[in-house]
Amino acid sequence: MNANAEDPAADIAWMRRLAEEGGQAPLRGGSILMAAGLLYAAASLFHWTLLAGLVPLSIEATWIGWGGATIAFWGVLAVVVPRLKRSEGTYTHANRAAGIAWSGMGWGIFALFASMAVLGWRMGEAAAPTLYVLMPSVILVFYGVGWAVSAAMFRSRAMWTLSFASFAAAPVLAALAETSALYLAYAALLVGLMGLPGYLFMRAAKQA
């Protein structure tokens with residue numbers, strides 16, 4: 001008899017155990033989601049103030065907000081990720097899968113932004129604004145995927161709601177393209193779909 005033969009009963013038991021632990025264990029890393037939502041919401045608000053003419057700076061200064069948010073977020077990752085690895089408690093398959101999904105999403109956003117920057121450089125400065133106004137919508141699509149994976153792993157209706165809301169908000173932001181309201185709405189969505197949920201999941205993990 002082949003020792004490496006598949007065992008359907010064991011596979012079913014493993015899948016059942018995965019589903020059970022996903023339904024019981026809280027999502028870890030909520031502080032990272034909260035930080036991402038709040039930091040980039042602040043950058044989006046800064047972008048909005050520039051477009052609305054509320055501060056005495058040119059529109060080219062938008063890199064200050066987005067660059068500062070990115071540097072600050074990297075700092076958060078440098079502190080929080082090692083702390084999560086050292087923290088007590090079982091690191092379940094559900095948390096591992098969700099962590100991989102969100103990490104991949106983050107690298108995907110970075111790669112997309114780099115690709116748009118290269119494309120804007122190749123096509124000229126006139127094309128760059130058109131490319132960049134699409135970024136908020138695309139990022140919300142990424143968030144929708146991240147929440148969908150988490151919802152499937154944790155069997156959470158709340159996460160499914162966040163996923164569907166992220167997908168639905170993407171075309172709404174596209175409709176606001178080339179208006180200052182785009183970045184004001186984007187900031188509100190980042191808080192509502194990332195910052196606040198991240199805080200609530202962080203509290204749930206601490207209480208568990």
# chains A, B, ... in the order shown; residues from 1 in each chain; ligands from 1
>>> select_by_dssp(residues="chain A", states="alpha helix (DSSP H)", output="PyMOL selection string")
chain A and resi 8-24+30-51+62-86+93-123+128-132+135-154+157-175+181-190+196-207
>>> write_last_selection(atoms="C-alpha atoms", output="short mmCIF file (atom, residue, chain, number, x, y, z; two decimals), in the first residue's frame")
data_model
loop_
_atom_site.label_atom_id
_atom_site.label_comp_id
_atom_site.auth_asym_id
_atom_site.auth_seq_id
_atom_site.Cartn_x
_atom_site.Cartn_y
_atom_site.Cartn_z
CA PRO A 8 -9.90 11.89 2.07
CA ALA A 9 -11.09 11.53 5.67
CA ALA A 10 -7.98 13.28 6.98
CA ASP A 11 -8.38 16.03 4.38
CA ILE A 12 -11.99 16.60 5.42
CA ALA A 13 -11.01 16.66 9.09
CA TRP A 14 -8.25 19.18 8.38
CA MET A 15 -10.66 21.42 6.44
CA ARG A 16 -13.23 21.20 9.26
CA ARG A 17 -10.57 22.10 11.83
CA LEU A 18 -9.47 25.05 9.66
CA ALA A 19 -13.03 26.31 9.42
CA GLU A 20 -13.61 25.90 13.16
CA GLU A 21 -10.46 27.75 14.18
CA GLY A 22 -11.26 30.50 11.68
CA GLY A 23 -14.63 31.00 13.28
CA GLN A 24 -13.21 31.12 16.80
CA GLY A 30 -5.73 44.85 13.21
CA SER A 31 -3.31 47.55 14.34
CA ILE A 32 -1.58 47.36 10.96
CA LEU A 33 -4.87 47.81 9.12
CA MET A 34 -5.79 50.69 11.43
CA ALA A 35 -2.44 52.39 10.85
CA ALA A 36 -2.72 52.02 7.08
CA GLY A 37 -6.23 53.45 7.05
CA LEU A 38 -5.46 56.43 9.28
CA LEU A 39 -2.07 57.35 7.81
CA TYR A 40 -3.20 57.25 4.20
CA ALA A 41 -6.46 58.98 5.09
CA ALA A 42 -4.36 61.83 6.49
CA ALA A 43 -2.31 61.89 3.26
CA SER A 44 -5.52 61.98 1.22
CA LEU A 45 -6.83 64.89 3.31
CA PHE A 46 -3.56 66.74 2.73
CA HIS A 47 -3.94 66.11 -1.02
CA TRP A 48 -7.48 67.48 -0.82
CA THR A 49 -6.32 70.68 0.92
CA LEU A 50 -3.84 71.29 -1.88
CA LEU A 51 -6.45 70.80 -4.60
CA THR A 62 1.33 66.05 -2.69
CA TRP A 63 4.37 63.76 -2.47
CA ILE A 64 4.96 65.11 1.05
CA GLY A 65 1.71 63.60 2.31
CA TRP A 66 1.87 60.29 0.47
CA GLY A 67 5.60 59.86 1.03
CA GLY A 68 5.32 60.74 4.70
CA ALA A 69 2.43 58.29 5.16
CA THR A 70 4.42 55.52 3.50
CA ILE A 71 7.52 56.11 5.63
CA ALA A 72 5.40 56.22 8.78
CA PHE A 73 3.62 53.00 7.78
CA TRP A 74 6.92 51.24 7.24
CA GLY A 75 7.88 52.35 10.73
CA VAL A 76 4.65 50.85 12.09
CA LEU A 77 5.40 47.57 10.32
CA ALA A 78 8.92 47.50 11.74
CA VAL A 79 7.50 47.75 15.26
CA VAL A 80 4.24 45.80 15.06
CA VAL A 81 5.22 42.77 12.96
CA PRO A 82 7.98 41.53 15.33
CA ARG A 83 5.66 42.18 18.26
CA LEU A 84 2.92 40.06 16.68
CA LYS A 85 5.38 37.24 16.10
CA ARG A 86 6.44 37.32 19.77
CA HIS A 93 -4.12 28.87 9.65
CA ALA A 94 -6.83 31.49 9.15
CA ASN A 95 -4.61 34.25 10.50
CA ARG A 96 -1.69 33.00 8.45
CA ALA A 97 -3.74 33.00 5.25
CA ALA A 98 -5.21 36.44 5.97
CA GLY A 99 -1.75 37.81 6.75
CA ILE A 100 -0.37 36.50 3.47
CA ALA A 101 -3.33 37.97 1.58
CA TRP A 102 -2.93 41.44 3.11
CA SER A 103 0.85 41.36 2.70
CA GLY A 104 0.49 40.37 -0.96
CA MET A 105 -2.08 43.10 -1.42
CA GLY A 106 0.33 45.68 -0.01
CA TRP A 107 3.13 44.61 -2.34
CA GLY A 108 0.63 44.57 -5.20
CA ILE A 109 -0.31 48.20 -4.52
CA PHE A 110 3.36 49.15 -4.36
CA ALA A 111 4.07 47.38 -7.67
CA LEU A 112 1.04 49.03 -9.28
CA PHE A 113 2.09 52.48 -8.12
CA ALA A 114 5.62 51.89 -9.43
CA SER A 115 4.19 50.70 -12.76
CA MET A 116 2.00 53.79 -13.06
CA ALA A 117 4.97 56.01 -12.23
CA VAL A 118 7.03 54.37 -14.98
CA LEU A 119 4.12 54.60 -17.43
CA GLY A 120 3.60 58.26 -16.58
CA TRP A 121 7.30 58.92 -17.14
CA ARG A 122 7.17 57.16 -20.53
CA MET A 123 3.95 58.89 -21.64
CA ALA A 128 0.40 61.17 -15.24
CA PRO A 129 -2.60 62.91 -13.57
CA THR A 130 -5.04 60.67 -15.46
CA LEU A 131 -3.21 57.60 -14.22
CA TYR A 132 -2.97 58.74 -10.62
CA MET A 135 -5.26 54.83 -7.93
CA PRO A 136 -7.86 55.30 -5.16
CA SER A 137 -10.36 53.11 -7.03
CA VAL A 138 -7.78 50.41 -7.73
CA ILE A 139 -6.59 50.40 -4.12
CA LEU A 140 -10.15 49.91 -2.89
CA VAL A 141 -10.44 46.91 -5.22
CA PHE A 142 -7.32 45.49 -3.56
CA TYR A 143 -8.90 46.12 -0.15
CA GLY A 144 -12.04 44.34 -1.30
CA VAL A 145 -9.98 41.28 -2.17
CA GLY A 146 -8.15 41.41 1.17
CA TRP A 147 -11.40 41.57 3.12
CA ALA A 148 -12.93 38.80 0.99
CA VAL A 149 -10.06 36.43 1.78
CA SER A 150 -10.28 37.31 5.48
CA ALA A 151 -14.07 36.87 5.45
CA ALA A 152 -13.76 33.41 3.90
CA MET A 153 -11.10 32.33 6.41
CA PHE A 154 -12.87 33.72 9.49
CA ARG A 157 -20.27 38.58 7.78
CA ALA A 158 -18.75 41.87 8.89
CA MET A 159 -15.68 41.25 6.72
CA TRP A 160 -17.89 40.30 3.76
CA THR A 161 -19.69 43.61 4.24
CA LEU A 162 -16.37 45.46 4.21
CA SER A 163 -15.36 43.57 1.06
CA PHE A 164 -18.56 44.39 -0.83
CA ALA A 165 -18.43 48.01 0.36
CA SER A 166 -14.86 48.34 -0.93
CA PHE A 167 -15.82 46.99 -4.34
CA ALA A 168 -18.89 49.23 -4.52
CA ALA A 169 -16.93 52.33 -3.53
CA ALA A 170 -14.33 51.89 -6.29
CA PRO A 171 -16.53 53.12 -9.20
CA VAL A 172 -17.95 55.86 -6.97
CA LEU A 173 -14.44 57.26 -6.55
CA ALA A 174 -13.88 56.95 -10.29
CA ALA A 175 -16.94 59.15 -10.83
CA ALA A 181 -13.93 65.74 -3.63
CA LEU A 182 -12.17 62.56 -4.78
CA TYR A 183 -9.53 62.75 -2.06
CA LEU A 184 -11.98 63.89 0.60
CA ALA A 185 -14.19 60.87 -0.13
CA TYR A 186 -11.15 58.60 -0.32
CA ALA A 187 -10.02 59.74 3.13
CA ALA A 188 -13.45 58.98 4.59
CA LEU A 189 -13.47 55.52 2.97
CA LEU A 190 -9.99 54.72 4.26
CA LEU A 196 -12.08 51.80 12.13
CA PRO A 197 -12.37 48.06 11.32
CA GLY A 198 -8.69 47.62 12.10
CA TYR A 199 -9.21 49.25 15.50
CA LEU A 200 -12.23 47.08 16.28
CA PHE A 201 -10.43 43.85 15.27
CA MET A 202 -7.39 44.92 17.28
CA ARG A 203 -9.60 45.34 20.37
CA ALA A 204 -11.24 41.97 19.77
CA ALA A 205 -7.84 40.26 19.54
CA LYS A 206 -6.70 41.86 22.82
CA GLN A 207 -9.86 40.81 24.62
#
>>> atom_distance(atom1="CA of Val133 (chain A)", atom2="CA of Ala177 (chain A)")
5.8 Å
>>> closest_residue(among="A:Leu193, A:Thr92, A:Ala52, A:Leu57", to="Glu178 (chain A)", atoms="only C-alpha atoms")
A:Ala52
>>> atom_distance(atom1="CA of Val55 (chain A)", atom2="CA of Met194 (chain A)")
26.9 Å
>>> atom_distance(atom1="CA of Pro56 (chain A)", atom2="CA of Leu134 (chain A)")
25.7 Å
